[in-house]
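Coordinates from protein-v4.tsv are shown below (TSV, C-alpha atoms).
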chain	number	residue	atom	x	y	z
A	632	MET	CA	-11.92	-166.04	-118.47
A	633	ARG	CA	-10.41	-162.76	-117.38
A	634	LEU	CA	-7.07	-161.21	-118.20
A	635	ILE	CA	-5.55	-159.76	-115.05
A	636	PRO	CA	-2.17	-158.28	-114.06
A	637	VAL	CA	0.18	-160.68	-112.26
A	638	THR	CA	0.36	-158.02	-109.54
A	639	SER	CA	-3.39	-158.57	-108.86
A	640	LEU	CA	-3.22	-162.39	-108.61
A	641	GLN	CA	-4.43	-164.01	-105.39
A	642	PRO	CA	-3.73	-167.54	-104.06
A	643	GLY	CA	-6.62	-169.85	-104.91
A	644	MET	CA	-7.27	-168.35	-108.36
A	645	ARG	CA	-7.18	-170.86	-111.22
A	646	LEU	CA	-5.56	-170.44	-114.64
A	647	ALA	CA	-7.84	-170.27	-117.67
A	648	LYS	CA	-5.04	-170.54	-120.29
A	649	LYS	CA	-1.80	-172.50	-120.38
A	650	ILE	CA	1.56	-170.85	-119.76
A	651	TYR	CA	4.49	-171.98	-121.91
A	652	ASN	CA	8.25	-171.81	-121.60
A	653	ASP	CA	10.76	-170.95	-124.36
A	654	GLU	CA	10.56	-174.36	-125.98
A	655	GLY	CA	6.79	-174.12	-126.19
A	656	VAL	CA	6.44	-176.69	-123.37
A	657	VAL	CA	3.49	-176.20	-120.99
A	658	LEU	CA	4.69	-174.96	-117.58
A	659	LEU	CA	1.27	-174.49	-116.02
A	660	SER	CA	-1.91	-176.12	-117.31
A	661	VAL	CA	-5.47	-174.87	-117.47
A	662	ASP	CA	-7.14	-175.21	-114.06
A	663	ALA	CA	-3.83	-174.99	-112.15
A	664	GLU	CA	-4.47	-173.41	-108.76
A	665	LEU	CA	-2.22	-170.46	-108.01
A	666	THR	CA	-0.19	-170.38	-104.80
A	667	ASN	CA	2.01	-167.60	-103.40
A	668	GLY	CA	5.05	-169.50	-104.71
A	669	ILE	CA	3.65	-169.85	-108.23
A	670	ILE	CA	2.59	-166.18	-108.32
A	671	ARG	CA	6.11	-165.17	-107.25
A	672	LYS	CA	7.62	-167.33	-110.01
A	673	LEU	CA	5.31	-165.84	-112.65
A	674	HIS	CA	6.39	-162.37	-111.53
A	675	ASN	CA	10.09	-163.33	-111.56
A	676	HIS	CA	9.75	-164.73	-115.08
A	677	GLY	CA	8.57	-161.37	-116.38
A	678	LEU	CA	4.90	-162.14	-117.00
A	679	ASP	CA	2.68	-159.08	-116.81
A	680	TYR	CA	-0.77	-160.60	-117.40
A	681	VAL	CA	-2.39	-164.06	-117.18
A	682	TYR	CA	-5.87	-165.40	-117.91
A	683	ILE	CA	-7.76	-166.67	-114.86
A	684	GLN	CA	-11.10	-168.42	-114.44
A	685	ASP	CA	-14.05	-166.35	-113.25
A	686	ALA	CA	-17.67	-167.52	-112.86
A	687	ASP	CA	-19.16	-164.33	-114.34
A	688	THR	CA	-17.00	-164.52	-117.46
A	689	ASP	CA	-16.67	-168.27	-118.03
A	690	ASP	CA	-18.39	-167.92	-121.43
A	691	ILE	CA	-15.54	-165.69	-122.64
A	692	VAL	CA	-13.01	-167.71	-124.61
A	693	VAL	CA	-9.92	-166.08	-126.13
A	694	GLU	CA	-8.63	-168.01	-129.12
A	695	ASP	CA	-4.96	-167.69	-130.07
A	696	ILE	CA	-4.06	-166.66	-133.62
A	697	ILE	CA	-2.09	-169.90	-134.04
A	698	THR	CA	-2.61	-173.25	-132.33
A	699	SER	CA	-0.48	-174.21	-129.34
A	700	GLU	CA	0.95	-177.08	-131.42
A	701	THR	CA	2.03	-174.68	-134.21
A	702	ARG	CA	3.60	-172.36	-131.60
A	703	ARG	CA	5.44	-175.21	-129.87
A	704	LYS	CA	6.86	-176.64	-133.13
A	705	ALA	CA	7.73	-173.18	-134.46
A	706	LEU	CA	9.66	-172.24	-131.29
A	707	GLN	CA	11.60	-175.52	-131.49
A	708	GLU	CA	12.48	-174.94	-135.16
A	709	ILE	CA	13.51	-171.34	-134.45
A	710	GLN	CA	15.68	-172.40	-131.52
A	711	VAL	CA	17.45	-175.15	-133.46
A	712	GLY	CA	17.81	-172.98	-136.55
A	713	PHE	CA	19.15	-169.91	-134.76
A	714	ARG	CA	21.58	-171.95	-132.65
A	715	SER	CA	23.02	-173.77	-135.63
A	716	LEU	CA	23.68	-170.39	-137.28
A	717	ILE	CA	26.07	-169.52	-134.45
A	718	ASP	CA	28.26	-172.51	-135.31
A	719	PRO	CA	29.96	-172.08	-138.73
A	720	GLN	CA	30.46	-175.86	-139.12
A	721	ALA	CA	26.80	-176.60	-138.41
A	722	GLN	CA	25.89	-173.72	-140.71
A	723	LYS	CA	27.66	-175.23	-143.72
A	724	LYS	CA	26.15	-178.61	-143.04
A	725	ASN	CA	22.59	-177.68	-142.07
A	726	TYR	CA	21.65	-174.43	-143.70
A	727	PRO	CA	19.63	-175.77	-146.66
A	728	LEU	CA	17.66	-177.78	-144.08
A	729	ILE	CA	17.19	-174.64	-141.99
A	730	GLY	CA	15.74	-172.86	-145.03
A	731	ARG	CA	13.30	-175.74	-145.41
A	732	SER	CA	12.39	-175.85	-141.71
A	733	PHE	CA	11.71	-172.08	-141.63
A	734	SER	CA	9.54	-172.48	-144.74
A	735	GLY	CA	7.60	-175.14	-142.84
A	736	VAL	CA	7.07	-172.76	-139.92
A	737	VAL	CA	5.71	-170.08	-142.30
A	738	ASP	CA	3.39	-172.62	-143.96
A	739	SER	CA	1.98	-173.69	-140.56
A	740	ILE	CA	1.33	-170.09	-139.50
A	741	LEU	CA	-0.33	-169.24	-142.82
A	742	ASN	CA	-2.48	-172.33	-142.49
A	743	ASP	CA	-3.61	-171.31	-138.98
A	744	ILE	CA	-4.38	-167.66	-139.77
A	745	SER	CA	-6.32	-168.66	-142.89
A	746	THR	CA	-8.95	-170.50	-140.84
A	747	ASP	CA	-10.49	-167.21	-139.59
A	748	PRO	CA	-10.47	-164.28	-142.05
A	749	GLU	CA	-11.59	-161.91	-139.26
A	750	VAL	CA	-8.87	-162.91	-136.77
A	751	MET	CA	-7.65	-160.08	-134.53
A	752	ILE	CA	-4.29	-159.54	-132.82
A	753	MET	CA	-4.81	-160.14	-129.10
A	754	LEU	CA	-2.16	-160.03	-126.38
A	755	MET	CA	0.45	-162.58	-127.49
A	756	ASN	CA	3.01	-162.38	-124.74
A	757	ILE	CA	1.48	-164.60	-122.06
A	758	HIS	CA	4.51	-166.84	-121.66
A	759	VAL	CA	7.77	-167.10	-119.79
A	760	LYS	CA	10.24	-164.89	-121.63
A	761	ASP	CA	13.72	-166.11	-120.78
A	762	GLN	CA	14.61	-166.27	-124.49
A	763	TYR	CA	13.12	-163.06	-125.85
A	764	LEU	CA	14.59	-163.47	-129.35
A	765	TYR	CA	12.74	-166.72	-130.20
A	766	HIS	CA	9.31	-165.52	-129.07
A	767	HIS	CA	9.80	-162.09	-130.61
A	768	SER	CA	10.81	-163.58	-133.97
A	769	LEU	CA	7.73	-165.81	-133.99
A	770	ASN	CA	5.33	-163.03	-132.93
A	771	VAL	CA	6.66	-160.61	-135.54
A	772	CYS	CA	6.26	-163.31	-138.19
A	773	ILE	CA	2.62	-163.95	-137.15
A	774	TYR	CA	1.74	-160.24	-137.10
A	775	THR	CA	3.46	-159.53	-140.41
A	776	LEU	CA	1.85	-162.47	-142.20
A	777	LEU	CA	-1.57	-161.42	-140.92
A	778	LEU	CA	-1.02	-157.87	-142.23
A	779	GLY	CA	0.34	-159.16	-145.55
A	780	LYS	CA	-2.72	-161.37	-145.94
A	781	VAL	CA	-5.12	-158.47	-145.30
A	782	HIS	CA	-3.12	-156.38	-147.80
A	783	GLY	CA	-3.61	-159.09	-150.42
A	784	TYR	CA	-0.15	-160.53	-151.10
A	785	SER	CA	0.00	-163.78	-153.06
A	786	THR	CA	1.01	-167.04	-151.36
A	787	GLU	CA	4.52	-166.76	-152.88
A	788	GLU	CA	4.90	-163.17	-151.64
A	789	LEU	CA	3.61	-164.12	-148.18
A	790	HIS	CA	6.14	-166.92	-148.06
A	791	VAL	CA	9.09	-164.58	-148.66
A	792	LEU	CA	7.61	-161.98	-146.26
A	793	GLY	CA	7.20	-164.74	-143.65
A	794	ILE	CA	10.83	-165.90	-143.92
A	795	GLY	CA	12.02	-162.28	-143.82
A	796	SER	CA	9.99	-161.50	-140.69
A	797	LEU	CA	11.00	-164.74	-138.97
A	798	LEU	CA	14.70	-163.93	-139.55
A	799	HIS	CA	14.55	-160.13	-139.22
A	800	ASP	CA	16.49	-160.15	-135.91
A	801	ILE	CA	18.83	-163.07	-136.66
A	802	GLY	CA	21.84	-160.72	-136.43
A	803	LYS	CA	21.21	-160.38	-132.69
A	804	ILE	CA	22.81	-163.77	-132.11
A	805	ARG	CA	26.10	-161.98	-132.87
A	806	ILE	CA	25.51	-159.34	-130.15
A	807	PRO	CA	26.87	-160.11	-126.64
A	808	SER	CA	24.03	-161.12	-124.30
A	809	SER	CA	25.47	-158.77	-121.66
A	810	ILE	CA	24.37	-155.91	-123.95
A	811	LEU	CA	21.11	-157.49	-125.17
A	812	SER	CA	19.79	-158.11	-121.65
A	813	LYS	CA	21.36	-155.18	-119.84
A	814	PRO	CA	18.82	-153.83	-117.31
A	815	GLU	CA	20.27	-150.29	-117.28
A	816	ARG	CA	20.31	-147.70	-120.02
A	817	LEU	CA	22.76	-148.59	-122.82
A	818	THR	CA	25.85	-146.46	-123.32
A	819	ASP	CA	26.28	-144.82	-126.74
A	820	LEU	CA	28.88	-147.45	-127.65
A	821	GLU	CA	26.59	-150.30	-126.63
A	822	TYR	CA	23.72	-148.82	-128.64
A	823	GLU	CA	25.98	-148.63	-131.69
A	824	GLU	CA	26.81	-152.31	-131.15
A	825	ILE	CA	23.09	-153.24	-130.96
A	826	LYS	CA	22.46	-151.39	-134.22
A	827	LEU	CA	24.98	-153.66	-135.96
A	828	HIS	CA	22.51	-156.58	-135.75
A	829	THR	CA	20.90	-155.34	-138.98
A	830	GLU	CA	24.20	-155.58	-140.88
A	831	TYR	CA	25.15	-158.88	-139.24
A	832	GLY	CA	21.78	-160.33	-140.24
A	833	PHE	CA	22.14	-159.17	-143.84
A	834	LYS	CA	25.63	-160.67	-144.14
A	835	MET	CA	24.51	-163.97	-142.60
A	836	LEU	CA	21.54	-164.38	-144.94
A	837	LYS	CA	22.41	-162.79	-148.28
A	838	ASP	CA	24.34	-165.69	-149.83
A	839	GLU	CA	22.65	-168.60	-148.13
A	840	PRO	CA	20.87	-171.27	-150.17
A	841	GLY	CA	17.22	-171.83	-149.31
A	842	ILE	CA	16.82	-168.27	-147.93
A	843	PRO	CA	15.35	-165.65	-150.32
A	844	LEU	CA	17.60	-162.62	-150.89
A	845	LEU	CA	14.67	-160.39	-149.95
A	846	ALA	CA	14.71	-161.98	-146.46
A	847	ALA	CA	18.26	-160.65	-146.06
A	848	HIS	CA	17.01	-157.18	-147.00
A	849	CYS	CA	14.29	-157.46	-144.34
A	850	ALA	CA	17.00	-158.09	-141.74
A	851	TYR	CA	18.96	-155.13	-143.16
A	852	GLN	CA	16.12	-152.59	-143.40
A	853	HIS	CA	13.60	-153.27	-140.61
A	854	HIS	CA	14.99	-150.40	-138.49
A	855	GLU	CA	15.00	-147.89	-141.36
A	856	ARG	CA	12.29	-145.24	-141.10
A	857	LEU	CA	10.42	-143.29	-143.82
A	858	ASN	CA	11.94	-139.94	-142.80
A	859	GLY	CA	15.52	-141.24	-142.78
A	860	SER	CA	15.79	-141.35	-138.97
A	861	GLY	CA	16.44	-145.11	-138.86
A	862	TYR	CA	19.52	-147.29	-139.23
A	863	PRO	CA	21.91	-148.70	-140.47
A	864	ARG	CA	21.95	-146.44	-143.54
A	865	GLY	CA	19.40	-143.72	-142.74
A	866	ILE	CA	17.63	-144.28	-146.07
A	867	THR	CA	14.20	-142.75	-146.75
A	868	GLU	CA	10.79	-144.03	-147.85
A	869	PRO	CA	11.44	-144.70	-151.58
A	870	ASP	CA	14.51	-146.85	-150.84
A	871	ILE	CA	12.94	-149.02	-148.13
A	872	HIS	CA	11.34	-152.25	-149.35
A	873	ASP	CA	7.63	-152.62	-148.49
A	874	TYR	CA	8.31	-155.89	-146.64
A	875	ALA	CA	10.70	-154.07	-144.30
A	876	LYS	CA	8.05	-151.38	-143.70
A	877	TRP	CA	5.49	-154.00	-142.61
A	878	ILE	CA	8.06	-155.70	-140.37
A	879	ALA	CA	9.04	-152.33	-138.82
A	880	ILE	CA	5.48	-151.89	-137.49
A	881	ALA	CA	5.12	-155.49	-136.23
A	882	ASP	CA	8.62	-155.43	-134.68
A	883	SER	CA	8.01	-152.15	-132.82
A	884	TYR	CA	4.56	-153.25	-131.60
A	885	ASP	CA	5.78	-156.59	-130.25
A	886	ALA	CA	8.76	-154.95	-128.54
A	887	LEU	CA	6.45	-152.42	-126.84
A	888	THR	CA	3.92	-155.03	-125.67
A	889	THR	CA	6.58	-157.37	-124.23
A	890	SER	CA	7.99	-157.03	-120.73
A	891	ARG	CA	11.76	-156.47	-120.82
A	892	VAL	CA	14.42	-156.32	-118.11
A	893	TYR	CA	14.49	-152.52	-118.38
A	894	ARG	CA	10.74	-151.73	-118.62
A	895	SER	CA	7.22	-153.10	-118.18
A	896	ALA	CA	5.08	-154.14	-121.13
A	897	LEU	CA	2.61	-151.65	-122.57
A	898	LEU	CA	-0.98	-152.67	-123.30
A	899	PRO	CA	-2.13	-152.56	-126.94
A	900	HIS	CA	-3.83	-149.15	-126.72
A	901	GLN	CA	-0.66	-147.62	-125.22
A	902	ALA	CA	1.61	-149.29	-127.79
A	903	LEU	CA	-0.57	-147.99	-130.63
A	904	GLU	CA	-0.29	-144.48	-129.19
A	905	VAL	CA	3.51	-144.75	-129.33
A	906	LEU	CA	3.41	-146.07	-132.92
A	907	TYR	CA	0.99	-143.34	-134.02
A	908	ALA	CA	3.51	-140.73	-132.90
A	909	GLY	CA	5.45	-141.92	-135.98
A	910	TYR	CA	2.41	-142.05	-138.31
A	911	GLY	CA	3.51	-141.06	-141.80
A	912	THR	CA	6.96	-139.97	-140.64
A	913	MET	CA	8.43	-143.26	-139.41
A	914	TYR	CA	5.73	-145.77	-140.38
A	915	ASP	CA	3.66	-145.98	-143.57
A	916	LYS	CA	0.14	-144.49	-143.14
A	917	TYR	CA	-1.69	-147.15	-145.16
A	918	MET	CA	0.11	-149.97	-143.33
A	919	MET	CA	-0.61	-148.38	-139.95
A	920	GLU	CA	-4.34	-148.19	-140.78
A	921	ILE	CA	-4.40	-151.89	-141.66
A	922	PHE	CA	-2.49	-152.68	-138.47
A	923	LYS	CA	-4.89	-150.62	-136.34
A	924	SER	CA	-7.89	-152.39	-137.90
A	925	ARG	CA	-6.47	-155.75	-136.81
A	926	VAL	CA	-5.28	-155.00	-133.28
A	927	ALA	CA	-7.63	-155.61	-130.38
A	928	ILE	CA	-6.92	-152.26	-128.71
A	929	TYR	CA	-8.70	-153.53	-125.58
A	930	PRO	CA	-8.24	-157.33	-125.73
A	931	ILE	CA	-11.06	-159.69	-124.81
A	932	GLY	CA	-10.90	-160.53	-121.09
A	933	LEU	CA	-9.28	-157.21	-120.09
A	934	THR	CA	-10.83	-155.43	-117.08
A	935	VAL	CA	-11.57	-151.79	-117.85
A	936	VAL	CA	-12.91	-148.80	-115.92
A	937	LEU	CA	-15.54	-146.70	-117.70
A	938	SER	CA	-15.97	-142.93	-117.59
A	939	ASN	CA	-19.20	-143.37	-115.54
A	940	GLY	CA	-17.30	-145.26	-112.81
A	941	LEU	CA	-18.55	-148.76	-113.68
A	942	LYS	CA	-15.98	-151.54	-114.09
A	943	GLY	CA	-16.16	-154.66	-116.23
A	944	VAL	CA	-14.54	-157.06	-118.67
A	945	VAL	CA	-14.28	-156.76	-122.46
A	946	VAL	CA	-16.40	-159.56	-123.95
A	947	HIS	CA	-16.69	-158.63	-127.63
A	948	ILE	CA	-14.82	-156.40	-130.07
A	949	HIS	CA	-16.57	-154.68	-132.97
A	950	LYS	CA	-14.35	-155.17	-136.02
A	951	SER	CA	-15.41	-151.78	-137.43
A	952	ILE	CA	-14.73	-149.69	-134.29
A	953	THR	CA	-12.34	-151.63	-132.07
A	954	GLN	CA	-12.12	-148.91	-129.41
A	955	ARG	CA	-15.83	-149.29	-128.50
A	956	PRO	CA	-16.24	-152.93	-127.40
A	957	ILE	CA	-19.02	-154.64	-125.44
A	958	ILE	CA	-18.23	-154.64	-121.69
A	959	ARG	CA	-19.66	-157.05	-119.11
A	960	ILE	CA	-20.27	-154.81	-116.10
A	961	LEU	CA	-19.15	-156.61	-112.92
A	962	TYR	CA	-18.72	-153.72	-110.44
A	963	ASN	CA	-20.78	-150.63	-109.65
A	964	GLU	CA	-19.45	-147.08	-109.15
A	965	ALA	CA	-18.60	-147.89	-105.52
A	966	GLY	CA	-16.47	-150.85	-106.59
A	967	GLU	CA	-18.96	-153.43	-105.28
A	968	ARG	CA	-19.39	-156.69	-107.18
A	969	LEU	CA	-22.82	-156.93	-108.85
A	970	ALA	CA	-25.07	-159.88	-108.09
A	971	SER	CA	-26.30	-159.80	-111.70
A	972	PRO	CA	-23.65	-158.67	-114.19
A	973	TYR	CA	-24.90	-157.27	-117.52
A	974	ASP	CA	-23.42	-156.41	-120.92
A	975	LEU	CA	-23.03	-152.78	-122.02
A	976	ASP	CA	-22.34	-152.04	-125.70
A	977	LEU	CA	-20.22	-148.89	-125.98
A	978	LEU	CA	-21.27	-148.56	-129.64
A	979	ALA	CA	-24.79	-147.83	-128.41
A	980	HIS	CA	-23.68	-145.51	-125.57
A	981	HIS	CA	-21.59	-142.77	-127.15
A	982	SER	CA	-21.27	-140.69	-123.99
A	983	ILE	CA	-19.45	-143.52	-122.15
A	984	VAL	CA	-15.77	-144.21	-122.90
A	985	ILE	CA	-13.06	-146.45	-121.47
A	986	ALA	CA	-11.25	-144.29	-118.91
A	987	GLY	CA	-8.68	-146.76	-117.62
A	988	VAL	CA	-7.47	-150.33	-117.32
A	989	GLU	CA	-7.31	-152.33	-114.08
A	990	GLY	CA	-3.83	-152.70	-112.60
A	991	LEU	CA	-2.26	-150.58	-115.28
A	992	ASN	CA	0.96	-148.79	-114.55
A	993	THR	CA	0.11	-145.36	-115.88
A	994	HIS	CA	3.76	-144.30	-116.20
A	995	MET	CA	4.74	-145.11	-119.73
A	996	HIS	CA	8.15	-146.75	-120.00
A	997	THR	CA	10.25	-146.47	-123.15
What would you get if you wrote out this structure as structure tokens?
Amino acid sequence: MRLIPVTSLQPGMRLAKKIYNDEGVVLLSVDAELTNGIIRKLHNHGLDYVYIQDADTDDIVVEDIITSETRRKALQEIQVGFRSLIDPQAQKKNYPLIGRSFSGVVDSILNDISTDPEVMIMLMNIHVKDQYLYHHSLNVCIYTLLLGKVHGYSTEELHVLGIGSLLHDIGKIRIPSSILSKPERLTDLEYEEIKLHTEYGFKMLKDEPGIPLLAAHCAYQHHERLNGSGYPRGITEPDIHDYAKWIAIADSYDALTTSRVYRSALLPHQALEVLYAGYGTMYDKYMMEIFKSRVAIYPIGLTVVLSNGLKGVVVHIHKSITQRPIIRILYNEAGERLASPYDLDLLAHHSIVIAGVEGLNTHMHT
């Protein structure tokens, strides 16, 4: 399979991975043949990349961090849970159950990521994104739990970290959607309103049964930064809980790698560049190193252009040096498709580097 930009799709291509909607329901199945109409719909729904079938790369399989069944159930639980929080009557009646259902989501994710100790963070946002909040909450939870596991937290600690990361943005359900999905630049007043989601989240969670108090602090502090440049209180490194520091990295990364109404998604290597601008000043150095070691900077299936003019697809990532993967060379320097593709290991060819990514918009949006 190959990962290609939606802008490069052609009618007749076939999908290699399913595409889901907000409820985790399959919209397009594996093997679905793309038409002009389907390609237009994918573009309108904000997808940037999809996996397609390709004879020269059919041995490349990209496994998701969690199973499609875990993702589907988790999105349903998140949707029901978040919606019932909007209704005060439902909240009084259902909240202990919501605490239990979110615990179940965390257990399922932990179970899935425990099956492969070497699992890497690939591109997660290959889905229709009409309800950004649900997908974002789930992705941030998956990333944060993976980081917490590598760090060595106990099961109990991971459980609290998982609930905190799943609910970190819960306060956004109190923000008008006209502001949340505004395609233009926010006014100063609107930005101040957005920032209130941290305080709303803290107030919603702090006294609730079945939700750990630390989860409320994750909602409160995930936009604080080590140097005091964050919000809502502008506190500095010693006063920010470690859980909130982990979530800050996962939250920023997922936001950068997701297509939004006001900007295109960045690819992992671009998003890491943005995060590293805050290395040690906004984000914890040790945590950033762990994060970098677990992100597939150039995800498997991505088409890259090498410094020697050859073009190919990433087929394997070296866990030790993720920026020097094995590339299956499909095109020569003149852009002609090779009759016999071959694999080139960048670890063994130090003079060759990845110079670009196919279909990439080189203008970085923020």
Glu824 (chain A) surroundings by all atoms listed in the file, 8 Å radius, close-in-sequence under 4 positions cut, as an MDAnalysis selection string | chainID A and resid 806 820 828
Asp689 (chain A) surroundings by only C-alpha atoms, 10 Å radius, close-in-sequence under 5 positions cut, as a PyMOL selection string = chain A and resi 632-633+647+683-684
In Å, with one decimal, what is the gap from CA of Ile825 (chain A) to CA of Lys803 (chain A)?
->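 The value is 7.6 Å.
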Have a look at A:Val946, A:Leu827, A:Leu778, A:Ala686 and name the one nearest to Met918 (chain A); count only C-alpha atoms.
->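 When distances to Met918 (chain A) are compared using only C-alpha atoms, the smallest one comes from A:Leu778.
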If you count all atoms listed in the file, which residues fall within 10 Å of Ile957 (chain A), apart from same-chain ones fewer than 6 positions away, as a list in words?
->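 Final neighbour list, sorted by chain and number: Ile931, Gly943, Val944, Val945, Val946, His947, Ile948, His949, Asp974, Leu975, Asp976, Leu977, Leu978 and Ala979 of chain A.
The spacing separating CA of Gly677 (chain A) from CA of Val657 (chain A) amounts to 16.3 Å.
With all atoms listed in the file as the atoms that count, the minimum distance from Ala705 (chain A) to the choices A:Pro843, A:Gly735, A:Gly730, A:Pro956 is reached by A:Gly735.
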Could you please give me, as JSON, numbers by chain, the residues of protein, DNA or RNA lying at most 9 Å from (13.2, -172.3, -131.9) in the coordinate frame of the file, considering all atoms listed in the file?
-> {"A": [653, 654, 655, 703, 704, 705, 706, 707, 708, 709, 710, 711, 712, 713, 714, 765, 766, 769]}
Using only C-alpha atoms, the residue out of A:Leu887, A:Leu933, A:Ile697, A:Met919 with shortest distance to Val681 (chain A) is A:Leu933
Take CA of Gly940 (chain A) and CA of Val692 (chain A) and report the distance between them in Å, one decimal.
-> 25.7 Å
Residues within 8 Å of Ala927 (chain A), only C-alpha atoms, excluding chain neighbours under 6 positions, as a PDB file with C-alpha atoms, keeping the file's coordinate frame:
ATOM      1  CA  MET A 751      -7.650-160.080-134.530  1.00  0.00           C
ATOM      2  CA  ILE A 752      -4.290-159.540-132.820  1.00  0.00           C
ATOM      3  CA  MET A 753      -4.810-160.140-129.100  1.00  0.00           C
ATOM      4  CA  PRO A 899      -2.130-152.560-126.940  1.00  0.00           C
ATOM      5  CA  ILE A 948     -14.820-156.400-130.070  1.00  0.00           C
ATOM      6  CA  THR A 953     -12.340-151.630-132.070  1.00  0.00           C
TER       7      THR A 953
END
Using only C-alpha atoms, find the one residue out of A:Asn675, A:Ser699, A:Asn652, A:Gln954 that sits nearest to Pro930 (chain A).
->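 Nearest to Pro930 (chain A): A:Gln954.
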Compile the contact shell of Gly668 (chain A) as a list in words: residues with an atom at most 10 Å away, counting only C-alpha atoms, same-chain residues fewer than 5 positions apart removed.
->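 Residues meeting the cut-off are Pro642, Leu673 and His674 of chain A.
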Closest pair table for region 903-964 of chain A residues within 8 Å of region 855-873 of chain A, only C-alpha atoms, as JSON lines:
{"residue": "A:Gly911", "atom": "CA", "partner": "A:Leu857", "partner_atom": "CA", "distance": 7.5}
{"residue": "A:Thr912", "atom": "CA", "partner": "A:Asn858", "partner_atom": "CA", "distance": 5.4}
{"residue": "A:Met913", "atom": "CA", "partner": "A:Arg856", "partner_atom": "CA", "distance": 4.7}
{"residue": "A:Tyr914", "atom": "CA", "partner": "A:Leu857", "partner_atom": "CA", "distance": 6.3}
{"residue": "A:Asp915", "atom": "CA", "partner": "A:Leu857", "partner_atom": "CA", "distance": 7.3}
